[in-house]
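Structure record follows, encoded as structure tokens.
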Amino acid sequence: MTRIRVLFGVAAAAMAVGLWFALTAPPDALQGEYSRIINVHVPSLWLAFLAFGVTALGSIMWLWKKKQRWDRLASASAEVGVLFTGIGLFTGMVWGQAVWGRAWDWGDPRLTSTAVMFFVYLGYIALRNAVDDPVVKARRSAILGVVAVVQVPLVYFSVNLFRTLHQTQSIRPDGSTMPAEMLVAMLVNVAAFTILYVALMAARTDIARIEEANRETELLAGDAVKPPKLSEVGDV
Amino acid sequence: MSDTVIVAGVFVISYGMIIAYSVYLHLRRRRAATRS
């Protein structure tokens with residue numbers, strides 16, 4: 001618990017520094033104050049990609065090693081990923097309404113593929129809640145976790161494959177299209193959100209571990225107090 | 001509504017969601033620990 005508290009303390013400090021950078025970075029000449037949204041939008045979707053990648057890694061490791069901790073890692077990361085995909089979609093819609101004049105466009109591959117990714121991982125969480133048996137739950141969600149990760153490169157490269165409304169990446173192999181002050185602010189926030197991810201993962205996997213232990217205890221206790229069936233009783 | 005207010009609202013809601021999820025994890029962990 002102390003480790004988790006320290007992690008959350010570090011994450012809160014990092015997020016505060018990130019917020020300060022986001023609010024003090026110079027506004028864009030055309031977009032004005034709306035350009036500050038990049039400091040939440042990009043880090044959120046970076047975290048979503050990272051989280052779903054970790055889910056795939058945990059899923060592969062579970063299928064290979066069949067160790068419960070890999071299932072805990074995969075499921076915790078999917079939950080955190082869904083949260084940050086939601087934040088990324090929300091911030092993107094407000095930003096889009098301001099600079100494009102519309103919050104949503106189903107014809108834009110980046111927007112649509114991100115929404116599909118969001119709902120697929122919501123389905124991953126629903127799948128886990130629909131199955132009681134821990135091994136069946138881990139196997140089914142691991143298969144989905146491996147299959148669903150193909151969406152991550154599709155979402156990332158959708159802006160290069162189909163040029164429509166959403167802009168291409170601001171950071172490319174040949175450099176950045178952003179001014180240095182705005183780029184630094186965004187990268188500080190990417191780092192802060194990554195630290196936050198570590199803290200959230202530590203807490204979420206710890207909860208899963210405790211709940212699994214509780215479930216095993218309850219099952220054992222349940223067997224101990226279960227009344228015998230009449231057919232099992234000899235002379236009454 | 002001014003641009004600054006809308007952008008401030010985006011930050012408040014986004015950070016609020018993160019804080020709400022962190023509080024949820026804290027409460028769920030406490031409940032799980034109490035039952036163990």
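Order determines the names: the first chain of the structure tokens is A, the second B, and so forth; residues in each chain are numbered 1 upward, and ligands are numbered 1 upward as they are shown.
Counting only C-alpha atoms, Arg128 (chain A) has the following residues at most 8 Å away, ignoring those fewer than 6 positions along the same chain: Lys137, Ala138 and Ser141 of chain A.
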Hey, can you spit out that residue selection with C-alpha atoms as an mmCIF file, in the first residue's frame?
```
data_model
loop_
_atom_site.group_PDB
_atom_site.id
_atom_site.type_symbol
_atom_site.label_atom_id
_atom_site.label_comp_id
_atom_site.auth_asym_id
_atom_site.auth_seq_id
_atom_site.Cartn_x
_atom_site.Cartn_y
_atom_site.Cartn_z
ATOM 1 C CA LYS A 137 -12.364 -15.692 -18.217
ATOM 2 C CA ALA A 138 -8.582 -15.378 -18.590
ATOM 3 C CA SER A 141 -10.134 -12.261 -22.647
#
```
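Within the 9 Å cut-off around Ser22 (chain B), using only C-alpha atoms and omitting residues fewer than 5 positions from it on the same chain, the listed residues are Phe8, Leu200 and Ala203 of chain A; Met17 and Leu27 of chain B.
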Apply DSSP to the backbone of this structure and, from region 5-139 of chain A, keep only the residues in helix (DSSP H, G or I); write these as a ChimeraX atom specification.
/A:5-24,33-65,68-99,109-130,134-139
Residue selection dump (C-alpha atoms) as a compact mmCIF listing (two decimals), in the first residue's frame:
```
# COMPACT_ATOMS: atom_id res chain seq x y z
CA ARG A 5 0.72 5.81 -2.18
CA VAL A 6 4.24 6.88 -3.15
CA LEU A 7 3.47 6.19 -6.82
CA PHE A 8 0.28 8.26 -6.63
CA GLY A 9 2.18 11.06 -4.88
CA VAL A 10 4.79 11.11 -7.65
CA ALA A 11 2.05 10.93 -10.30
CA ALA A 12 0.13 13.83 -8.72
CA ALA A 13 3.28 15.95 -8.64
CA ALA A 14 4.07 15.06 -12.28
CA MET A 15 0.49 15.87 -13.35
CA ALA A 16 0.68 19.23 -11.54
CA VAL A 17 3.91 20.07 -13.39
CA GLY A 18 2.29 18.94 -16.65
CA LEU A 19 -0.75 21.14 -15.99
CA TRP A 20 1.50 24.12 -15.30
CA PHE A 21 3.31 23.56 -18.63
CA ALA A 22 -0.03 23.14 -20.42
CA LEU A 23 -1.44 26.39 -19.06
CA THR A 24 1.71 28.48 -19.55
CA GLU A 33 -6.54 28.77 -26.28
CA TYR A 34 -7.92 25.59 -27.88
CA SER A 35 -4.38 24.49 -28.77
CA ARG A 36 -3.83 23.76 -25.05
CA ILE A 37 -6.15 20.75 -25.39
CA ILE A 38 -3.27 18.94 -27.13
CA ASN A 39 -1.67 18.58 -23.69
CA VAL A 40 -4.50 16.28 -22.57
CA HIS A 41 -5.60 14.82 -25.91
CA VAL A 42 -2.26 13.43 -27.13
CA PRO A 43 -1.05 12.09 -23.74
CA SER A 44 -4.43 10.38 -23.20
CA LEU A 45 -4.32 8.57 -26.52
CA TRP A 46 -0.63 7.75 -26.08
CA LEU A 47 -1.61 6.09 -22.79
CA ALA A 48 -4.46 4.25 -24.50
CA PHE A 49 -2.03 2.82 -27.07
CA LEU A 50 0.45 1.91 -24.33
CA ALA A 51 -2.28 0.35 -22.19
CA PHE A 52 -3.69 -1.78 -25.01
CA GLY A 53 -0.16 -2.85 -25.95
CA VAL A 54 0.39 -3.97 -22.36
CA THR A 55 -2.97 -5.78 -22.46
CA ALA A 56 -1.78 -7.69 -25.54
CA LEU A 57 1.55 -8.46 -23.88
CA GLY A 58 -0.17 -9.70 -20.71
CA SER A 59 -2.58 -11.76 -22.84
CA ILE A 60 0.23 -13.43 -24.79
CA MET A 61 2.11 -14.15 -21.57
CA TRP A 62 -1.02 -15.65 -19.97
CA LEU A 63 -1.62 -17.90 -22.99
CA TRP A 64 2.01 -19.02 -22.79
CA LYS A 65 2.68 -19.27 -19.04
CA GLN A 68 -2.67 -15.44 -13.06
CA ARG A 69 -0.54 -12.31 -12.70
CA TRP A 70 -0.40 -11.90 -16.50
CA ASP A 71 -4.20 -11.95 -16.61
CA ARG A 72 -4.28 -9.31 -13.87
CA LEU A 73 -1.86 -7.14 -15.84
CA ALA A 74 -3.84 -7.49 -19.07
CA SER A 75 -7.24 -6.77 -17.54
CA ALA A 76 -6.02 -3.84 -15.43
CA SER A 77 -4.35 -2.25 -18.43
CA ALA A 78 -7.47 -2.61 -20.60
CA GLU A 79 -9.57 -0.81 -17.98
CA VAL A 80 -7.07 2.06 -17.72
CA GLY A 81 -6.86 2.17 -21.53
CA VAL A 82 -10.62 2.52 -21.87
CA LEU A 83 -10.61 5.45 -19.43
CA PHE A 84 -7.93 7.29 -21.41
CA THR A 85 -9.49 6.48 -24.79
CA GLY A 86 -12.68 8.05 -23.43
CA ILE A 87 -10.80 11.16 -22.34
CA GLY A 88 -9.04 11.29 -25.73
CA LEU A 89 -12.36 11.06 -27.59
CA PHE A 90 -13.98 13.71 -25.38
CA THR A 91 -11.10 16.20 -25.68
CA GLY A 92 -10.87 15.55 -29.42
CA MET A 93 -14.58 16.25 -29.90
CA VAL A 94 -14.43 19.60 -28.09
CA TRP A 95 -11.29 20.52 -30.02
CA GLY A 96 -12.84 19.41 -33.32
CA GLN A 97 -15.96 21.47 -32.69
CA ALA A 98 -13.78 24.54 -32.15
CA VAL A 99 -11.33 24.19 -35.05
CA PRO A 109 -10.95 7.12 -40.29
CA ARG A 110 -9.02 8.36 -37.21
CA LEU A 111 -12.18 9.30 -35.33
CA THR A 112 -14.13 6.23 -36.35
CA SER A 113 -11.30 3.74 -35.73
CA THR A 114 -10.69 5.27 -32.27
CA ALA A 115 -14.39 4.93 -31.44
CA VAL A 116 -14.35 1.29 -32.61
CA MET A 117 -11.26 0.63 -30.48
CA PHE A 118 -13.03 2.20 -27.47
CA PHE A 119 -16.08 -0.04 -27.89
CA VAL A 120 -14.03 -3.20 -28.53
CA TYR A 121 -12.17 -2.72 -25.24
CA LEU A 122 -15.45 -1.91 -23.48
CA GLY A 123 -16.53 -5.29 -24.86
CA TYR A 124 -13.35 -6.81 -23.40
CA ILE A 125 -14.39 -5.55 -19.94
CA ALA A 126 -17.96 -6.78 -20.49
CA LEU A 127 -16.63 -10.19 -21.53
CA ARG A 128 -14.64 -10.47 -18.32
CA ASN A 129 -17.68 -9.56 -16.24
CA ALA A 130 -19.82 -12.10 -18.07
CA PRO A 134 -11.31 -17.48 -13.69
CA VAL A 135 -9.53 -19.75 -16.19
CA VAL A 136 -12.25 -19.44 -18.86
CA LYS A 137 -12.36 -15.69 -18.22
CA ALA A 138 -8.58 -15.38 -18.59
CA ARG A 139 -8.48 -17.50 -21.76
```
Chain B contacts to chain A at 6 Å (only C-alpha atoms) as JSON, numbers by chain:
{"B": [29, 32, 36]}
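CA of Ala25 (chain A) sits 9.2 Å away from CA of Met186 (chain A).
CA of Gly107 (chain A) to CA of Val150 (chain A) spans 20.5 Å [interatomic distance, one decimal].
Candidate residues A:Val184, A:Leu220, A:Ala202, A:Leu165 were compared for distance to Trp100 (chain A), and the nearest is A:Leu165, using only C-alpha atoms.
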